[in-house]
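Printed here is run03.txt (compact mmCIF, C-alpha atoms and all ligand atoms):
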```txt
# COMPACT_ATOMS: atom_id res chain seq x y z
CA MET L 16 14.97 20.86 1.07
CA ASN L 17 13.29 21.85 4.33
CA LEU L 18 15.15 24.86 5.77
CA LEU L 19 13.14 24.51 8.98
CA GLU L 20 14.15 20.88 9.52
CA SER L 21 15.73 21.78 12.88
CA GLN L 22 12.21 22.35 14.24
CA LEU L 23 11.62 18.58 13.94
CA ASP L 24 12.91 15.98 16.39
CA TYR L 25 14.83 12.94 15.16
CA PRO L 26 14.80 10.63 18.19
CA LEU L 27 17.14 8.08 16.56
CA GLY L 28 19.81 10.64 15.70
CA GLU L 29 21.90 9.54 12.74
CA VAL L 30 20.81 5.86 12.77
CA LEU L 31 20.23 4.59 9.20
CA PRO L 32 19.79 0.83 8.60
CA GLU L 33 22.00 -0.45 5.76
CA PRO L 34 20.15 -2.21 2.90
CA GLY L 35 19.59 -5.84 3.93
CA THR L 36 19.48 -4.98 7.64
CA VAL L 37 16.65 -3.93 9.98
CA HIS L 38 16.34 -1.50 12.88
CA GLU L 39 13.78 -2.12 15.64
CA MET L 40 11.50 0.92 16.12
CA ALA L 41 9.26 -0.72 18.75
CA PRO L 42 8.55 -4.33 19.71
CA GLY L 43 7.50 -5.99 16.45
CA VAL L 44 8.07 -2.92 14.25
CA TYR L 45 11.20 -2.81 12.10
CA TRP L 46 12.66 -0.18 9.76
CA LEU L 47 14.31 -1.25 6.49
CA ARG L 48 15.99 1.01 3.97
CA MET L 49 16.52 0.11 0.30
CA ALA L 50 18.67 1.94 -2.25
CA LEU L 51 17.13 3.83 -5.19
CA PRO L 52 19.10 4.74 -8.34
CA PHE L 53 17.70 8.31 -8.40
CA ALA L 54 18.54 11.73 -6.94
CA LEU L 55 16.26 10.52 -4.11
CA ASN L 56 18.58 7.63 -3.26
CA HIS L 57 16.64 5.56 -0.73
CA ILE L 58 13.20 4.41 0.42
CA ASN L 59 12.14 3.33 3.90
CA LEU L 60 10.10 0.15 4.21
CA TRP L 61 8.55 -1.38 7.32
CA MET L 62 8.22 -4.91 8.63
CA LEU L 63 5.55 -5.66 11.26
CA GLU L 64 5.14 -8.80 13.36
CA ASP L 65 1.81 -10.33 12.53
CA GLU L 66 -0.48 -13.28 13.08
CA ILE L 67 -3.08 -14.19 10.46
CA ASP L 68 -5.43 -17.14 10.06
CA ARG L 69 -5.22 -18.04 6.39
CA GLY L 70 -7.43 -21.10 6.78
CA ASN L 71 -5.25 -23.39 8.84
CA GLY L 72 -5.46 -21.66 12.19
CA PRO L 73 -3.50 -18.63 13.38
CA GLU L 74 -0.08 -18.38 11.79
CA ARG L 75 2.74 -16.11 12.97
CA GLY L 76 4.76 -14.16 10.42
CA TRP L 77 5.32 -10.74 8.93
CA THR L 78 3.43 -7.97 7.19
CA LEU L 79 5.61 -5.88 4.89
CA VAL L 80 4.79 -2.25 4.14
CA ASP L 81 6.05 -1.19 0.68
CA CYS L 82 8.50 -3.02 -1.57
CA GLY L 83 11.27 -1.04 -3.31
CA ILE L 84 11.78 -0.89 -7.08
CA ALA L 85 12.19 -3.99 -9.23
CA ASN L 86 15.94 -4.35 -9.66
CA ASP L 87 18.56 -6.91 -8.68
CA ALA L 88 20.00 -4.81 -5.86
CA THR L 89 16.62 -4.55 -4.10
CA ARG L 90 15.88 -8.25 -4.61
CA ALA L 91 19.30 -9.06 -3.10
CA SER L 92 18.56 -6.82 -0.08
CA TRP L 93 15.25 -8.61 0.44
CA GLU L 94 16.95 -12.02 0.21
CA GLN L 95 19.37 -10.91 2.93
CA ILE L 96 16.41 -9.82 5.11
CA PHE L 97 14.64 -13.13 4.50
CA ALA L 98 17.75 -15.11 5.40
CA GLN L 99 18.72 -13.16 8.50
CA HIS L 100 15.84 -11.18 9.96
CA LEU L 101 12.54 -13.11 9.71
CA GLY L 102 13.26 -15.34 12.69
CA GLY L 103 12.24 -18.39 10.67
CA LEU L 104 8.73 -17.01 10.09
CA PRO L 105 7.06 -16.40 6.70
CA VAL L 106 5.83 -13.19 5.11
CA LEU L 107 2.03 -13.26 5.42
CA ARG L 108 0.98 -10.12 3.54
CA VAL L 109 2.31 -7.12 1.61
CA ILE L 110 0.72 -3.69 2.15
CA VAL L 111 1.51 -1.05 -0.49
CA THR L 112 0.89 2.62 0.37
CA HIS L 113 0.62 3.80 -3.26
CA CYS L 114 1.37 3.07 -6.90
CA HIS L 115 4.73 4.83 -7.33
CA PRO L 116 7.55 2.54 -8.50
CA ASP L 117 9.66 2.70 -5.35
CA HIS L 118 6.66 1.54 -3.30
CA VAL L 119 4.95 -1.06 -5.53
CA GLY L 120 7.90 -2.15 -7.75
CA LEU L 121 8.59 -5.55 -6.20
CA ALA L 122 5.05 -6.30 -4.96
CA SER L 123 4.50 -8.95 -7.61
CA TRP L 124 7.85 -10.64 -6.85
CA LEU L 125 7.26 -10.55 -3.07
CA CYS L 126 3.68 -11.85 -3.34
CA GLU L 127 4.70 -14.70 -5.65
CA ARG L 128 7.76 -15.53 -3.56
CA TRP L 129 5.61 -15.98 -0.42
CA ASN L 130 2.27 -16.80 -2.05
CA VAL L 131 0.57 -13.95 -0.20
CA PRO L 132 -1.89 -11.17 -1.18
CA VAL L 133 -1.09 -7.52 -1.78
CA TRP L 134 -3.23 -5.03 0.14
CA MET L 135 -3.84 -1.69 -1.62
CA THR L 136 -6.57 0.91 -2.03
CA ALA L 137 -8.61 0.42 -5.22
CA SER L 138 -7.34 3.53 -7.03
CA GLU L 139 -3.68 2.82 -6.29
CA TYR L 140 -4.08 -0.78 -7.44
CA ALA L 141 -5.85 0.25 -10.65
CA PHE L 142 -3.24 2.91 -11.49
CA ALA L 143 -0.38 0.49 -10.84
CA ARG L 144 -1.99 -2.04 -13.21
CA MET L 145 -2.65 0.61 -15.90
CA MET L 146 0.85 2.07 -15.80
CA SER L 147 2.69 -1.23 -15.55
CA ALA L 148 0.76 -2.40 -18.65
CA SER L 149 1.65 0.93 -20.40
CA LEU L 150 -2.04 1.36 -21.37
CA PRO L 151 -2.82 4.24 -23.76
CA GLY L 152 -2.98 7.49 -21.78
CA ALA L 153 -1.10 5.91 -18.86
CA ASP L 154 2.18 5.29 -20.68
CA GLY L 155 5.12 7.60 -21.25
CA THR L 156 3.93 8.78 -24.69
CA ALA L 157 0.91 10.53 -23.13
CA MET L 158 3.22 13.05 -21.51
CA PHE L 159 4.62 14.60 -24.73
CA PRO L 160 1.46 16.40 -25.88
CA HIS L 161 0.72 17.27 -22.22
CA PHE L 162 4.08 18.92 -21.62
CA GLN L 163 4.11 20.52 -25.09
CA LEU L 164 0.70 22.06 -24.38
CA HIS L 165 2.25 23.51 -21.24
CA GLY L 166 5.23 25.07 -23.00
CA LEU L 167 7.93 22.40 -23.21
CA ARG L 168 9.34 22.88 -26.73
CA ASP L 169 13.08 22.29 -26.33
CA PRO L 170 13.82 19.48 -28.87
CA ALA L 171 16.71 17.99 -26.85
CA THR L 172 14.50 17.59 -23.77
CA VAL L 173 11.61 16.16 -25.81
CA GLU L 174 14.04 13.63 -27.31
CA LYS L 175 15.22 12.59 -23.85
CA LEU L 176 11.64 12.15 -22.69
CA GLN L 177 10.90 9.96 -25.70
CA ALA L 178 13.49 7.50 -24.42
CA ARG L 179 11.35 7.14 -21.28
CA LYS L 180 8.16 5.80 -22.88
CA THR L 181 8.18 2.63 -20.77
CA TYR L 182 9.82 4.17 -17.73
CA TYR L 183 7.20 3.00 -15.20
CA ALA L 184 7.04 -0.52 -16.62
CA SER L 185 10.84 -0.78 -16.40
CA LEU L 186 10.62 -0.18 -12.62
CA VAL L 187 7.31 -2.04 -12.11
CA PRO L 188 7.35 -4.89 -14.66
CA ALA L 189 4.38 -6.65 -13.02
CA VAL L 190 1.64 -6.03 -10.46
CA PRO L 191 -0.19 -8.90 -8.71
CA HIS L 192 -3.26 -9.94 -10.76
CA ALA L 193 -5.54 -9.83 -7.72
CA TYR L 194 -5.54 -7.72 -4.56
CA HIS L 195 -7.15 -7.19 -1.17
CA ARG L 196 -8.86 -3.81 -1.05
CA MET L 197 -8.07 -1.29 1.68
CA HIS L 198 -10.31 1.71 2.26
CA SER L 199 -10.46 4.95 4.22
CA GLY L 200 -11.05 4.59 7.97
CA GLN L 201 -10.51 0.85 7.96
CA ASN L 202 -8.93 -0.61 11.07
CA ILE L 203 -6.37 -3.24 10.10
CA ARG L 204 -5.27 -5.70 12.75
CA ILE L 205 -1.54 -6.36 12.47
CA GLY L 206 -0.24 -8.63 15.20
CA GLN L 207 -1.22 -7.19 18.59
CA HIS L 208 -2.16 -3.77 17.23
CA GLY L 209 -4.89 -2.01 15.26
CA TRP L 210 -3.72 0.33 12.48
CA GLN L 211 -6.18 2.91 11.14
CA LEU L 212 -6.01 3.66 7.43
CA ILE L 213 -5.93 7.34 6.47
CA THR L 214 -6.28 8.04 2.75
CA GLY L 215 -4.51 11.01 1.18
CA PHE L 216 -4.85 12.69 -2.21
CA GLY L 217 -2.85 15.02 -4.44
CA HIS L 218 0.39 12.98 -4.50
CA SER L 219 -1.17 9.80 -5.88
CA PRO L 220 -4.75 8.64 -6.52
CA GLU L 221 -5.67 7.19 -3.08
CA HIS L 222 -2.57 7.02 -0.90
CA ALA L 223 -2.75 4.88 2.26
CA SER L 224 -1.10 5.97 5.53
CA LEU L 225 -1.41 3.82 8.66
CA TYR L 226 -1.78 5.11 12.22
CA CYS L 227 -1.42 2.94 15.30
CA ALA L 228 -2.75 4.56 18.51
CA GLY L 229 -1.34 1.73 20.66
CA LEU L 230 2.21 2.32 19.42
CA ASN L 231 1.68 6.06 18.78
CA MET L 232 3.20 5.63 15.31
CA LEU L 233 2.20 6.86 11.86
CA ILE L 234 3.45 5.12 8.72
CA SER L 235 3.03 8.24 6.61
CA GLY L 236 4.21 6.94 3.22
CA ASP L 237 4.92 9.93 0.95
CA MET L 238 2.15 12.12 2.40
CA VAL L 239 4.31 13.65 5.18
CA LEU L 240 8.09 13.73 4.65
CA PRO L 241 10.48 15.56 6.98
CA ARG L 242 13.09 16.92 4.58
CA ILE L 243 11.54 17.23 1.11
CA SER L 244 8.07 18.37 0.14
CA THR L 245 5.81 15.71 -1.36
CA ASN L 246 5.48 16.02 -5.14
CA VAL L 247 2.07 17.27 -6.26
CA SER L 248 1.76 17.24 -10.06
CA VAL L 249 -0.81 17.51 -12.84
CA PHE L 250 -0.23 14.58 -15.21
CA ALA L 251 -1.54 13.81 -18.70
CA ILE L 252 -4.16 11.29 -17.58
CA GLU L 253 -5.98 13.91 -15.47
CA PRO L 254 -5.19 17.22 -17.20
CA GLU L 255 -7.65 19.30 -15.15
CA ALA L 256 -6.63 18.04 -11.72
CA ASN L 257 -6.23 20.31 -8.68
CA PRO L 258 -3.69 18.28 -6.66
CA VAL L 259 -2.35 21.13 -4.49
CA GLN L 260 -5.83 21.63 -3.01
CA LEU L 261 -6.29 17.88 -2.58
CA TYR L 262 -2.90 17.57 -0.90
CA LEU L 263 -3.42 20.48 1.52
CA ASP L 264 -6.88 19.16 2.45
CA SER L 265 -5.40 15.69 2.99
CA LEU L 266 -2.63 17.01 5.25
CA ASP L 267 -5.31 18.32 7.59
CA LYS L 268 -6.61 14.75 8.00
CA PHE L 269 -3.46 14.10 10.10
CA ARG L 270 -3.95 17.04 12.47
CA HIS L 271 -6.08 15.10 14.96
CA LEU L 272 -3.21 12.68 15.65
CA PRO L 273 -1.20 13.24 18.85
CA ALA L 274 1.49 15.94 18.65
CA ASP L 275 4.11 13.43 19.84
CA VAL L 276 3.26 10.66 17.33
CA LEU L 277 6.40 9.09 15.85
CA VAL L 278 6.20 9.55 12.08
CA LEU L 279 7.70 6.77 9.95
CA PRO L 280 8.11 8.41 6.50
CA SER L 281 9.04 6.73 3.19
CA HIS L 282 12.01 9.05 2.71
CA GLY L 283 14.23 10.68 5.35
CA LYS L 284 14.41 9.67 9.02
CA PRO L 285 11.65 8.84 11.55
CA PHE L 286 10.68 12.05 13.35
CA ARG L 287 8.45 13.72 15.91
CA GLY L 288 6.78 17.05 15.17
CA LEU L 289 3.90 16.05 12.88
CA HIS L 290 1.87 19.20 13.56
CA THR L 291 4.94 21.41 12.98
CA ARG L 292 5.62 19.63 9.69
CA ILE L 293 1.99 20.03 8.55
CA ASP L 294 2.28 23.77 9.26
CA GLN L 295 5.61 23.94 7.39
CA LEU L 296 4.11 22.20 4.35
CA HIS L 297 1.10 24.52 4.29
CA ALA L 298 3.48 27.51 4.51
CA HIS L 299 5.65 26.03 1.74
CA HIS L 300 2.71 25.86 -0.66
CA VAL L 301 1.43 29.30 0.34
CA ALA L 302 4.88 30.70 -0.52
CA ARG L 303 5.00 28.85 -3.87
CA LEU L 304 1.48 30.07 -4.69
CA ASP L 305 2.55 33.65 -3.87
CA GLU L 306 5.50 33.37 -6.30
CA VAL L 307 3.25 31.98 -9.04
CA ARG L 308 0.58 34.64 -8.45
CA ILE L 309 3.15 37.48 -8.75
CA ALA L 310 4.69 35.96 -11.91
CA CYS L 311 1.26 35.68 -13.53
CA ALA L 312 0.87 39.47 -13.75
CA THR L 313 1.97 38.62 -17.31
CA PRO L 314 0.90 35.38 -19.10
CA GLN L 315 2.94 32.35 -18.00
CA SER L 316 3.00 28.72 -19.11
CA ALA L 317 3.84 25.96 -16.62
CA THR L 318 7.29 25.66 -18.24
CA ASP L 319 7.81 29.44 -17.77
CA ILE L 320 7.03 29.00 -14.06
CA VAL L 321 9.61 26.24 -13.44
CA PRO L 322 12.68 28.53 -12.97
CA ILE L 323 10.60 30.80 -10.72
CA MET L 324 9.69 27.90 -8.40
CA PHE L 325 12.88 25.82 -8.68
CA SER L 326 16.35 27.37 -8.65
CA ARG L 327 18.34 24.16 -9.13
CA ALA L 328 19.52 22.63 -12.43
CA MET L 329 17.40 19.65 -13.50
CA ASP L 330 17.67 16.59 -15.74
CA ALA L 331 14.78 15.66 -18.08
CA HIS L 332 13.18 13.41 -15.44
CA GLN L 333 13.24 16.10 -12.75
CA LEU L 334 11.99 18.66 -15.29
CA THR L 335 8.81 16.63 -15.93
CA PHE L 336 8.04 16.59 -12.20
CA ALA L 337 8.84 20.30 -12.00
CA ILE L 338 6.49 21.20 -14.88
CA GLY L 339 3.81 18.98 -13.34
CA GLU L 340 4.28 20.72 -9.98
CA ALA L 341 4.30 24.22 -11.55
CA LEU L 342 1.07 23.37 -13.35
CA ALA L 343 -0.42 22.09 -10.09
CA HIS L 344 0.16 25.49 -8.45
CA LEU L 345 -1.21 27.33 -11.50
CA HIS L 346 -4.30 25.10 -11.38
CA LYS L 347 -4.91 25.82 -7.67
CA LEU L 348 -5.01 29.57 -8.42
CA TRP L 349 -7.07 28.94 -11.58
CA PHE L 350 -9.63 26.85 -9.64
CA ASP L 351 -9.72 29.58 -6.98
CA GLY L 352 -10.64 32.11 -9.69
CA GLU L 353 -7.43 34.11 -9.31
CA LEU L 354 -6.01 33.17 -12.72
CA LYS L 355 -7.53 32.78 -16.17
CA ARG L 356 -6.33 30.24 -18.70
CA GLN L 357 -5.72 31.05 -22.36
CA ILE L 358 -4.44 29.00 -25.29
CA GLY L 359 -2.03 31.05 -27.42
CA GLU L 360 -1.68 30.98 -31.21
CA ASP L 361 1.39 28.80 -30.64
CA GLY L 362 -0.82 26.20 -28.94
CA VAL L 363 0.67 26.82 -25.50
CA VAL L 364 -1.58 27.20 -22.43
CA ARG L 365 -0.78 30.30 -20.36
CA PHE L 366 -2.23 31.61 -17.13
CA GLN L 367 -2.65 35.25 -16.11
CA THR L 368 -4.00 37.08 -13.09
CA VAL L 369 -7.67 38.01 -13.34
CA LYS L 370 -7.86 41.80 -13.19
CA ILE L 371 -10.39 43.00 -10.66
CA GLU L 372 -12.03 46.11 -12.16
ZN ZN P 401 5.14 8.59 -4.11
```
Just give me the structure of the file as C-alpha cells.
Ligand SMILES: [Zn+2]
Amino acid sequence: MNLLESQLDYPLGEVLPEPGTVHEMAPGVYWLRMALPFALNHINLWMLEDEIDRGNGPERGWTLVDCGIANDATRASWEQIFAQHLGGLPVLRVIVTHCHPDHVGLASWLCERWNVPVWMTASEYAFARMMSASLPGADGTAMFPHFQLHGLRDPATVEKLQARKTYYASLVPAVPHAYHRMHSGQNIRIGQHGWQLITGFGHSPEHASLYCAGLNMLISGDMVLPRISTNVSVFAIEPEANPVQLYLDSLDKFRHLPADVLVLPSHGKPFRGLHTRIDQLHAHHVARLDEVRIACATPQSATDIVPIMFSRAMDAHQLTFAIGEALAHLHKLWFDGELKRQIGEDGVVRFQTVKIE
C-alpha cells in the first residue's frame, strides 16, 4: 500500500466502471474494469477506436488492450461489452502487455471469437505459451525445489503449493498459436494516434507499455501502479535473476515522458504524477534494500527475510510472491557485491553482509 498516495492526482475522483461497462477517458479511448478472484480484486483493460486494413480496405473497429483471466464471469463481462459498447463495430486486434494470467488469460478466446491476431512482445508470448502448456521448468512443480532451496520447509505450506501445480494453466488454458510481434521503440498506429511501445523488465520478461504523445496518455500495464508496488520476484526458471535492478532501470525509461501525462495503470485508478510515482517506487526499493542489508548482518534465507519485509499475514499464494520478492532484494545486494551467498549443511541458501576488512 502506497502511504504517499495523496501526492498523486486522480482526475476522475472515485469513478470506477462496473464490469461490463466502459468509461470514456478521451475520444476513442475507453476504460474497462474486470473482476479478479484474488486479494487484488480487479484489472483495468482498455478499448481504443481503430481502423485497420486487413486486406479488404480500411475497416473501423476496436483494439483491445489486455484481456482478464479465463473464467465465466470475465467472459460474461466481455459479452456485455460486445453487445452494448462496440457501436456495431468489430474487434480488430488484441494487444497484451505481458504474460500474467489477468492480462493474457482470455486472449485465445477473444482472438478466436473475432478472428483477429494477438500482439505481444516475443518474450511475453513465449512465456505465456510455455506456462500455459505447463512445460517442465515452467510449471508449478518447478517452484518446490526453488522455494525449498530458499528456506521454505513448512510441510503444510508445501502441501498447499503442491495443489497449485497447474495454477497458471487453470487461468490461461490456451494462448493463440500465432502472434504479431511487438518490439521496443515501435510506433503502433491505433486509429488517429501513434502509440510508442516502451519495454520494461523485472516484473515480467518483456513487458509492453504504450505511450501516446497526441493524447498525453500512458498505458502503463503493471510497470507503474499508483497504490501497490509492482511485484519483482526471482522464480525457478531463472534462479540467478536480478529483477530489482532490471525494474529500477526500466522505471527510468518513463522519466522522459511529460510530468502531466495521464497514466492508465492495470490496477488502481488513472492518475497524474508519473515522475512522483517513479521517485516513490525508487524510494520504496531503497527502503526495502536497507531492511534486507541490516538483517543480513547474520545469515538469512529468503524465507527468513519475508517477515522483515512484509508485516501482513499471507496465504500460500501470497507467500510464494513474498519469498520471490525477498530473494529479488537479496539478489540485488548480492549482485552489487554487498552480500555473499552460502549453501548451508541443511541445503538452504543464505545471504550475509560481506565484511569489509
Ligand atoms: Zn503482471
Residues within 10 Å of ligand ZN 401 (chain P), counting only C-alpha atoms and all ligand atoms, as a ChimeraX atom specification: /L:112-119,218-219,222,236-238,245-247,281-282
If you count only C-alpha atoms, the residue of L:Gly83, L:Gly166, L:Gly103, L:Gly359 closest to Ile338 in chain L turns out to be L:Gly166
Of the candidates L:Arg196, L:Arg204, L:Arg108, L:Arg90, which shows the shortest atom-to-atom distance to Trp77 in chain L, using only C-alpha atoms? L:Arg108
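The protein and nucleic acid residues lying at most 10 Å from Ala171 in chain L are L:Leu176, L:Gln177, L:Ala331, with only C-alpha atoms considered and sequence neighbours fewer than 5 positions away removed.
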Specify the axis-aligned box that encloses all atoms of range 33-38 of chain L listed in the file after padding of 8 Å on each side, stating its centre and edge lengths in Å to one decimal as lines of an AutoDock Vina configuration file.
```
center_x = 19.2
center_y = -3.1
center_z = 7.9
size_x = 21.7
size_y = 21.4
size_z = 26.0
```
Expressed in Å to a single decimal, how great is the separation between CA of Arg168 in chain L and CA of Val364 in chain L? 12.5 Å
Pick the closest to Val301 in chain L from L:Gly209, L:Asn56, L:Ser147, L:Leu348: which is it, counting all atoms listed in the file? L:Leu348
When distances are computed from all atoms listed in the file, which of L:Ile293, L:Ala148, L:Leu60, L:Ala223 shows the smallest separation from Ile84 in chain L? L:Leu60
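Every protein or nucleic acid residue with an atom no more than 10 Å from range 230-233 of chain L, counting all atoms listed in the file and leaving out same-chain residues fewer than 4 positions away, appears here: L:Met40, L:Ala41, L:Pro42, L:Val44, L:His208, L:Gly209, L:Trp210, L:Gln211, L:Leu212, L:Ile213, L:Ser224, L:Leu225, L:Tyr226, L:Val239, L:Phe269, L:Leu272, L:Pro273, L:Ala274, L:Asp275, L:Val276, L:Leu277, L:Val278, L:Leu279, L:Pro280, L:Pro285, L:Arg287, L:Leu289.
Comparing L:Glu64, L:Asp81, L:Glu353, L:Asp267 by their smallest distance to Leu107 in chain L, the closest is L:Glu64 (using all atoms listed in the file).
The spacing separating CA of Gly70 in chain L from CA of Ala228 in chain L amounts to 28.6 Å.
Taking CA of Ala251 in chain L as the reference point, CA of Asn17 in chain L is found at 28.5 Å.
Proximity to Leu125 in chain L was assessed for L:Met324, L:His165, L:His195, L:Pro105 counting only C-alpha atoms; the smallest distance is recorded for L:Pro105.
Residues in contact range of Met158 in chain L, defined as at most 9 Å between only C-alpha atoms, with sequence neighbours fewer than 6 positions away removed, read Gly152, Leu176, Lys180, Phe250, Ala251, Ile252 and Thr335 of chain L.
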Surrounding residues of Glu29 in chain L excluding itself and chain neighbours under 3 positions, 12 Å, all atoms listed in the file, as an mmCIF file with C-alpha atoms, in the frame of the given file:
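What follows is the written file selection34.cif:
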```cif
data_model
loop_
_atom_site.group_PDB
_atom_site.id
_atom_site.type_symbol
_atom_site.label_atom_id
_atom_site.label_comp_id
_atom_site.auth_asym_id
_atom_site.auth_seq_id
_atom_site.Cartn_x
_atom_site.Cartn_y
_atom_site.Cartn_z
ATOM 1 C CA ASP L 24 12.910 15.980 16.390
ATOM 2 C CA TYR L 25 14.830 12.940 15.160
ATOM 3 C CA PRO L 26 14.800 10.630 18.190
ATOM 4 C CA PRO L 32 19.790 0.830 8.600
ATOM 5 C CA GLY L 283 14.230 10.680 5.350
ATOM 6 C CA LYS L 284 14.410 9.670 9.020
ATOM 7 C CA PRO L 285 11.650 8.840 11.550
ATOM 8 C CA PHE L 286 10.680 12.050 13.350
#
```
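Using only C-alpha atoms, the protein and nucleic acid residues lying no more than 10 Å from range 309-316 of chain L, apart from those fewer than 5 places from it along its own chain, are L:Leu164, L:His165, L:Gly166, L:Leu167, L:Leu304, L:Val321, L:Ile323, L:Ile338, L:Ala341, L:Leu342, L:Leu345, L:Glu353, L:Leu354, L:Lys355, L:Arg356, L:Gln357, L:Ile358, L:Gly359, L:Val363, L:Val364, L:Arg365, L:Phe366, L:Gln367, L:Thr368, L:Val369, L:Lys370.
For the point (24.4, -3.6, 6.2) in file coordinates, the residues within 12 Å, using all atoms listed in the file, are Leu31, Pro32, Glu33, Pro34, Gly35, Thr36, Val37, His38, Leu47, Arg48, Met49, Ala50, Ala91, Ser92, Trp93, Gln95, Ile96 and Gln99 of chain L.
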As a tab-separated table (two decimals), keeping the file's coordinate frame, could you write out range 144-161 of chain L once it has been completed with N, CA and C atoms?
```tsv
chain	number	residue	atom	x	y	z
L	144	ARG	N	-1.74	-1.10	-12.10
L	144	ARG	CA	-1.99	-2.04	-13.21
L	144	ARG	C	-1.93	-1.32	-14.55
L	145	MET	N	-2.59	-0.15	-14.64
L	145	MET	CA	-2.65	0.61	-15.90
L	145	MET	C	-1.26	1.03	-16.36
L	146	MET	N	-0.46	1.53	-15.41
L	146	MET	CA	0.85	2.07	-15.80
L	146	MET	C	1.85	0.96	-16.08
L	147	SER	N	1.78	-0.12	-15.31
L	147	SER	CA	2.69	-1.23	-15.55
L	147	SER	C	2.42	-1.87	-16.91
L	148	ALA	N	1.14	-1.85	-17.34
L	148	ALA	CA	0.76	-2.40	-18.65
L	148	ALA	C	0.98	-1.38	-19.76
L	149	SER	N	1.45	-0.16	-19.43
L	149	SER	CA	1.65	0.93	-20.40
L	149	SER	C	0.39	1.14	-21.26
L	150	LEU	N	-0.78	1.14	-20.63
L	150	LEU	CA	-2.04	1.36	-21.37
L	150	LEU	C	-2.05	2.75	-21.99
L	151	PRO	N	-2.75	2.91	-23.13
L	151	PRO	CA	-2.82	4.24	-23.76
L	151	PRO	C	-3.30	5.30	-22.76
L	152	GLY	N	-2.63	6.42	-22.72
L	152	GLY	CA	-2.98	7.49	-21.78
L	152	GLY	C	-2.25	7.36	-20.46
L	153	ALA	N	-1.82	6.13	-20.13
L	153	ALA	CA	-1.10	5.91	-18.86
L	153	ALA	C	0.36	5.54	-19.11
L	154	ASP	N	0.78	5.61	-20.37
L	154	ASP	CA	2.18	5.29	-20.68
L	154	ASP	C	2.98	6.58	-20.87
L	155	GLY	N	4.25	6.43	-21.13
L	155	GLY	CA	5.12	7.60	-21.25
L	155	GLY	C	4.77	8.50	-22.42
L	156	THR	N	4.20	7.95	-23.51
L	156	THR	CA	3.93	8.78	-24.69
L	156	THR	C	2.88	9.84	-24.41
L	157	ALA	N	1.99	9.57	-23.43
L	157	ALA	CA	0.91	10.53	-23.13
L	157	ALA	C	1.48	11.85	-22.63
L	158	MET	N	2.71	11.82	-22.11
L	158	MET	CA	3.22	13.05	-21.51
L	158	MET	C	3.74	14.06	-22.52
L	159	PHE	N	4.07	13.62	-23.78
L	159	PHE	CA	4.62	14.60	-24.73
L	159	PHE	C	3.62	15.69	-25.07
L	160	PRO	N	2.41	15.33	-25.58
L	160	PRO	CA	1.46	16.40	-25.88
L	160	PRO	C	1.10	17.23	-24.64
L	161	HIS	N	1.05	16.58	-23.47
L	161	HIS	CA	0.72	17.27	-22.22
L	161	HIS	C	1.77	18.34	-21.91
```
